[in-house]
$ cat work-v6.csv   # CSV, C-alpha atoms
chain,number,residue,atom,x,y,z
P,32,MET,CA,44.6,11.9,-41.7
P,33,ASN,CA,43.4,15.2,-40.3
P,34,VAL,CA,40.3,15.4,-38.1
P,35,LEU,CA,38.6,18.7,-37.7
P,36,PHE,CA,36.6,18.9,-34.5
P,37,MET,CA,33.9,21.6,-33.8
P,38,HIS,CA,31.7,22.2,-30.9
P,39,PHE,CA,29.0,24.8,-30.5
P,40,ASP,CA,27.8,24.9,-26.9
P,41,PRO,CA,29.6,26.1,-23.8
P,42,TYR,CA,28.5,23.2,-21.6
P,43,PHE,CA,29.7,20.6,-24.2
P,44,CYS,CA,33.3,21.0,-22.9
P,45,GLN,CA,32.2,19.3,-19.6
P,46,MET,CA,32.1,16.0,-21.4
P,47,GLU,CA,34.3,13.4,-19.7
P,48,SER,CA,35.9,10.2,-21.0
P,49,THR,CA,33.9,7.0,-20.6
P,50,LEU,CA,36.9,4.7,-20.1
P,51,GLU,CA,35.1,2.1,-18.1
P,52,ALA,CA,37.6,-0.7,-18.3
P,53,VAL,CA,39.8,0.8,-15.5
P,54,SER,CA,39.4,3.5,-13.0
P,55,ALA,CA,41.2,6.8,-13.2
P,56,GLN,CA,43.5,5.8,-10.4
P,57,ASP,CA,44.4,2.5,-12.1
P,58,MET,CA,45.2,4.3,-15.3
P,59,LEU,CA,48.1,5.8,-13.5
P,60,SER,CA,49.8,2.4,-13.4
P,61,PHE,CA,51.9,1.2,-16.3
P,62,GLU,CA,50.2,-2.1,-16.5
P,63,ALA,CA,46.7,-0.6,-16.9
P,64,PHE,CA,48.0,1.9,-19.5
P,65,ARG,CA,49.7,-1.0,-21.4
P,66,ASN,CA,46.5,-3.1,-21.4
P,67,SER,CA,44.5,-0.2,-22.6
P,68,VAL,CA,46.9,0.5,-25.5
P,69,ILE,CA,47.0,-3.1,-26.5
P,70,ALA,CA,43.2,-3.4,-26.5
P,71,ASP,CA,42.9,-0.4,-28.7
P,72,TYR,CA,45.6,-1.6,-31.0
P,73,LYS,CA,43.8,-5.0,-31.4
P,74,LEU,CA,40.6,-3.2,-32.2
P,75,ALA,CA,42.2,-1.0,-34.8
P,76,ILE,CA,43.8,-4.1,-36.5
P,77,MET,CA,40.6,-6.0,-36.4
P,78,SER,CA,38.7,-3.1,-38.0
P,79,ARG,CA,41.4,-2.7,-40.7
P,80,GLU,CA,41.2,-6.5,-41.5
P,81,VAL,CA,37.4,-6.2,-41.8
P,82,SER,CA,37.8,-3.5,-44.4
P,83,LEU,CA,40.4,-5.4,-46.4
P,84,LEU,CA,38.4,-8.6,-46.3
P,85,GLY,CA,35.1,-6.9,-47.1
P,86,ARG,CA,36.6,-5.1,-50.1
P,87,ARG,CA,38.0,-8.3,-51.4
P,88,GLU,CA,34.6,-10.0,-51.1
P,89,VAL,CA,33.0,-7.2,-53.1
P,90,LEU,CA,35.6,-7.1,-55.8
P,91,THR,CA,35.4,-10.8,-56.3
P,92,GLY,CA,31.6,-10.7,-56.6
P,93,LYS,CA,30.8,-12.6,-53.4
P,94,ALA,CA,29.2,-9.6,-51.7
P,95,LYS,CA,27.2,-6.6,-52.9
P,96,PHE,CA,28.4,-3.0,-53.0
P,97,GLY,CA,30.5,-2.3,-50.0
P,98,ILE,CA,31.7,0.8,-48.0
P,99,PHE,CA,34.6,0.6,-45.6
P,100,GLY,CA,36.3,2.7,-43.0
P,101,ASP,CA,39.9,1.9,-43.2
P,102,GLY,CA,42.3,4.8,-42.4
P,103,LYS,CA,40.0,6.2,-39.7
P,104,GLU,CA,40.6,3.5,-37.0
P,105,VAL,CA,42.7,5.4,-34.5
P,106,ALA,CA,40.6,8.6,-34.6
P,107,GLN,CA,37.4,6.7,-34.1
P,108,ILE,CA,38.8,4.7,-31.2
P,109,ALA,CA,39.7,8.0,-29.5
P,110,LEU,CA,36.3,9.4,-30.3
P,111,SER,CA,34.6,6.4,-28.6
P,112,LYS,CA,36.3,7.2,-25.3
P,113,PHE,CA,34.1,10.3,-24.9
P,114,PHE,CA,30.8,9.0,-26.1
P,115,GLN,CA,28.5,8.6,-23.1
P,116,LYS,CA,25.2,6.9,-22.4
P,117,GLY,CA,22.4,9.2,-23.4
P,118,ASP,CA,24.5,10.8,-26.2
P,119,PHE,CA,23.5,10.5,-29.9
P,120,ARG,CA,25.4,9.7,-33.1
P,121,SER,CA,24.3,11.1,-36.5
P,122,GLY,CA,27.1,9.7,-38.6
P,123,TYR,CA,28.0,8.3,-41.9
P,124,TYR,CA,29.0,5.0,-43.5
P,125,ARG,CA,32.6,4.9,-42.6
P,126,ASP,CA,32.1,4.7,-38.8
P,127,GLN,CA,32.7,1.0,-38.4
P,128,THR,CA,35.5,1.3,-35.9
P,129,PHE,CA,33.5,3.8,-33.8
P,130,MET,CA,30.7,1.3,-33.7
P,131,PHE,CA,32.9,-1.6,-32.9
P,132,ALA,CA,34.6,0.4,-30.0
P,133,LEU,CA,31.2,1.3,-28.5
P,134,GLY,CA,30.0,-2.3,-28.8
P,135,VAL,CA,27.0,-1.3,-31.0
P,136,ALA,CA,28.3,-3.6,-33.8
P,137,ASN,CA,30.6,-6.5,-34.2
P,138,VAL,CA,32.3,-8.3,-37.1
P,139,GLU,CA,29.4,-10.8,-37.6
P,140,ASP,CA,26.9,-7.9,-37.7
P,141,TYR,CA,29.0,-6.1,-40.2
P,142,PHE,CA,29.3,-9.0,-42.6
P,143,SER,CA,25.7,-10.0,-42.2
P,144,GLN,CA,24.8,-6.6,-43.6
P,145,LEU,CA,27.4,-6.8,-46.3
P,146,TYR,CA,25.9,-10.1,-47.5
P,147,SER,CA,22.2,-8.8,-47.1
P,148,ASP,CA,21.5,-11.5,-44.5
P,149,VAL,CA,17.9,-10.8,-43.6
P,150,HIS,CA,18.1,-13.0,-40.5
P,151,ASN,CA,21.3,-11.8,-38.9
P,152,ASP,CA,21.6,-8.1,-39.9
P,153,PRO,CA,20.5,-6.4,-36.7
P,154,PHE,CA,20.3,-2.9,-38.2
P,155,SER,CA,18.1,-3.2,-41.3
P,156,GLY,CA,17.3,-6.9,-41.9
P,157,GLY,CA,19.5,-7.0,-45.0
P,158,LYS,CA,17.8,-4.0,-46.6
P,159,ASN,CA,20.5,-1.4,-46.3
P,160,MET,CA,24.1,-1.2,-47.6
P,161,ASN,CA,26.7,-2.2,-45.2
P,162,ALA,CA,28.0,0.1,-42.5
P,163,HIS,CA,24.6,1.6,-42.0
P,164,PHE,CA,24.1,1.4,-38.2
P,165,ALA,CA,21.2,2.0,-35.9
P,166,THR,CA,20.0,1.4,-32.4
P,167,ALA,CA,16.3,1.1,-31.3
P,168,PHE,CA,14.7,4.2,-29.9
P,169,VAL,CA,11.4,2.4,-29.3
P,170,ASN,CA,10.4,-1.1,-28.2
P,171,GLU,CA,8.3,-3.6,-30.0
P,172,LYS,CA,5.1,-1.9,-28.6
P,173,GLY,CA,6.2,1.4,-30.1
P,174,GLU,CA,7.0,2.9,-26.6
P,175,TRP,CA,10.1,5.0,-26.1
P,176,ASN,CA,13.1,3.2,-24.6
P,177,ASN,CA,15.1,4.8,-21.8
P,178,LEU,CA,17.5,6.7,-24.1
P,179,THR,CA,19.4,8.1,-21.2
P,180,GLU,CA,20.8,4.7,-20.4
P,181,THR,CA,21.8,3.7,-23.9
P,182,LEU,CA,24.3,4.6,-26.6
P,183,ASN,CA,22.0,6.1,-29.2
P,184,VAL,CA,22.7,5.8,-33.0
P,185,SER,CA,20.3,7.3,-35.4
P,186,ALA,CA,19.7,5.1,-38.5
P,187,ASP,CA,22.4,5.9,-41.1
P,188,ILE,CA,21.4,7.2,-44.5
P,189,ALA,CA,23.3,7.1,-47.8
P,190,PRO,CA,23.0,10.7,-49.2
P,191,THR,CA,26.2,12.6,-48.5
P,192,ALA,CA,26.0,15.1,-45.7
P,193,GLY,CA,22.4,14.1,-45.0
P,194,GLN,CA,23.4,13.3,-41.4
P,195,MET,CA,24.2,16.9,-40.7
P,196,MET,CA,20.6,18.2,-40.5
P,197,ARG,CA,19.6,15.2,-38.4
P,198,GLY,CA,22.5,15.8,-36.1
P,199,LEU,CA,21.4,19.4,-35.7
P,200,GLY,CA,17.9,18.4,-34.9
P,201,LEU,CA,19.0,15.9,-32.2
P,202,ALA,CA,21.3,18.5,-30.6
P,203,PHE,CA,18.5,21.1,-30.7
P,204,ALA,CA,16.2,18.6,-29.0
P,205,SER,CA,18.7,18.6,-26.1
P,206,ASN,CA,18.3,22.4,-25.9
P,207,CYS,CA,14.5,22.0,-25.9
P,208,PHE,CA,14.6,19.4,-23.1
P,209,ARG,CA,16.9,21.6,-21.0
P,210,ASN,CA,14.5,24.6,-21.3
P,211,ALA,CA,11.3,22.6,-21.0
P,212,LYS,CA,8.9,23.6,-18.2
P,213,ASN,CA,7.7,20.0,-17.7
P,214,LYS,CA,11.1,18.3,-18.2
P,215,GLU,CA,10.3,15.8,-15.4
P,216,SER,CA,8.0,14.1,-18.0
P,217,PHE,CA,11.0,13.4,-20.3
P,218,THR,CA,13.5,11.9,-17.9
P,219,HIS,CA,13.6,8.7,-20.1
P,220,LEU,CA,14.5,10.8,-23.2
P,221,SER,CA,17.0,13.4,-21.8
P,222,ASN,CA,19.2,13.9,-18.9
P,223,ASN,CA,18.1,17.5,-18.4
P,224,GLY,CA,19.5,18.3,-21.8
P,225,ASN,CA,23.1,17.4,-20.9
P,226,GLU,CA,23.5,14.9,-23.7
P,227,ALA,CA,25.4,15.7,-26.9
P,228,CYS,CA,25.1,14.7,-30.5
P,229,PHE,CA,28.3,13.5,-32.3
P,230,CYS,CA,28.2,14.0,-36.1
P,231,THR,CA,30.8,12.5,-38.4
P,232,ILE,CA,31.4,13.4,-42.0
P,233,GLY,CA,34.1,13.1,-44.7
P,234,ASP,CA,35.8,16.3,-46.0
P,235,ALA,CA,34.4,15.9,-49.5
P,236,SER,CA,30.9,16.0,-48.3
P,237,THR,CA,31.5,19.4,-46.7
P,238,SER,CA,30.9,20.8,-50.2
P,239,GLU,CA,27.2,20.0,-49.7
P,240,GLY,CA,25.1,23.1,-48.9
P,241,HIS,CA,23.4,21.6,-45.9
P,242,PHE,CA,26.7,21.0,-44.2
P,243,TRP,CA,27.3,24.7,-43.9
P,244,GLU,CA,23.6,25.4,-43.1
P,245,ALA,CA,23.9,22.9,-40.2
P,246,ILE,CA,27.2,24.5,-39.0
P,247,ASN,CA,25.8,28.0,-39.1
P,248,ALA,CA,22.5,27.0,-37.4
P,249,ALA,CA,24.4,25.1,-34.7
P,250,GLY,CA,26.4,28.2,-33.9
P,251,VAL,CA,23.4,30.5,-33.9
P,252,LEU,CA,21.3,28.1,-31.8
P,253,GLN,CA,24.2,27.2,-29.5
P,254,VAL,CA,23.4,23.5,-29.4
P,255,PRO,CA,25.5,20.6,-28.1
P,256,LEU,CA,26.7,19.4,-31.5
P,257,ALA,CA,30.2,18.0,-32.0
P,258,VAL,CA,31.2,17.7,-35.7
P,259,PHE,CA,34.1,15.5,-36.7
P,260,VAL,CA,35.4,16.0,-40.3
P,261,TYR,CA,37.7,13.3,-41.6
P,262,ASP,CA,40.2,14.6,-44.1
P,263,ASP,CA,42.2,11.6,-45.4
P,264,GLY,CA,42.9,12.7,-48.9
P,265,TYR,CA,39.9,10.8,-50.4
P,266,GLY,CA,36.4,11.8,-51.4
P,267,ILE,CA,33.9,9.1,-52.3
P,268,SER,CA,36.9,6.7,-52.5
P,269,VAL,CA,38.6,9.0,-55.1
P,270,PRO,CA,41.9,10.8,-54.3
P,271,THR,CA,41.4,14.5,-53.7
P,272,VAL,CA,45.0,15.4,-54.5
$ encode --input "work-v6.csv" --output "structure tokens"
Amino acid sequence: MNVLFMHFDPYFCQMESTLEAVSAQDMLSFEAFRNSVIADYKLAIMSREVSLLGRREVLTGKAKFGIFGDGKEVAQIALSKFFQKGDFRSGYYRDQTFMFALGVANVEDYFSQLYSDVHNDPFSGGKNMNAHFATAFVNEKGEWNNLTETLNVSADIAPTAGQMMRGLGLAFASNCFRNAKNKESFTHLSNNGNEACFCTIGDASTSEGHFWEAINAAGVLQVPLAVFVYDDGYGISVPTV
């Protein structure tokens, strides 16, 4: 699978890895490197098995319509290493490994959504299709959470490439916060505009007009938007070759 990565802002390249399990010094040791590789491998295998089991449940009529992210495990684990607190994701419905790696979702959450479990689906209360992730931006009182201390996931939507315009808006918000005259009033929403928005999409959906509109606008506005295009030979589960 090919992954095309684009970034549109000079300060985005300052992004550092968020490997928190071991320190940079410890990573120099063979043992720490070995443990990290094994942990990533286990995660990739787990996510692949989730896809295979979920697809079987759908095809045998035990679950509703399902969307799965098999084939993208390694790329998404690598991507998760660079996603920092305060950053935003505007992704699509094949990001399960990314969400597992960040700790935003787990296997139980995933299958609760697949089975439309209104009590245990933490993302939509069983209302959305599976693999539609989200994190809370406000609390139960409707007040903003401290988004600089959380891994932020905008609620996924089904229309192909619809996440592009939302990703552009989130990245542009960082520019606005960075240039705001009263930025001290927004310290719970932005770290001086230094957060980035990660946007994921499949290669087939790049045929949508708003994909190119978002890419062009991101370049013109110079916003901290990172776009990851997954090209794995399939588009809407249909081979492209």
$ closest_residue --input "work-v6.csv" --among "P:Thr91, P:Ala245, P:Phe229, P:Thr237" --to "Asp262 of chain P" --atoms "all atoms listed in the file"
P:Thr237
$ residues_around --input "work-v6.csv" --residues "segment 147-157 of chain P" --least-positions-apart "2" --cutoff "10 Å" --atoms "all atoms listed in the file" --output "JSON, numbers by chain"
{"P": [94, 95, 135, 136, 139, 140, 141, 142, 143, 144, 145, 159, 160, 161, 162, 163, 164, 165, 166, 167, 186, 187]}
$ closest_residue --input "work-v6.csv" --among "P:Asn210, P:Ser216, P:Thr271, P:Thr231" --to "Phe129 of chain P" --atoms "only C-alpha atoms"
P:Thr231
$ atom_distance --input "work-v6.csv" --atom1 "atom CA of Leu182 of chain P" --atom2 "atom CA of Thr218 of chain P"
15.7 Å
$ atom_distance --input "work-v6.csv" --atom1 "atom CA of Phe217 of chain P" --atom2 "atom CA of Leu133 of chain P"
24.9 Å
$ atom_distance --input "work-v6.csv" --atom1 "atom CA of Ser78 of chain P" --atom2 "atom CA of Val138 of chain P"
8.3 Å
$ closest_residue --input "work-v6.csv" --among "P:Gly250, P:Pro255, P:Gly134, P:Gly264" --to "Gly233 of chain P" --atoms "all atoms listed in the file"
P:Gly264
$ closest_residue --input "work-v6.csv" --among "P:Leu256, P:Ala211, P:Ala248, P:Ile232" --to "Arg125 of chain P" --atoms "all atoms listed in the file"
P:Ile232
$ closest_residue --input "work-v6.csv" --among "P:Gly240, P:Gly117, P:Gly266, P:Gly200" --to "Gly224 of chain P" --atoms "only C-alpha atoms"
P:Gly117
$ residues_around --input "work-v6.csv" --residues "Val251 of chain P" --least-positions-apart "4" --cutoff "12 Å" --atoms "all atoms listed in the file" --output "PyMOL selection string"
chain P and resi 39-40+199+203+244-247+255-256
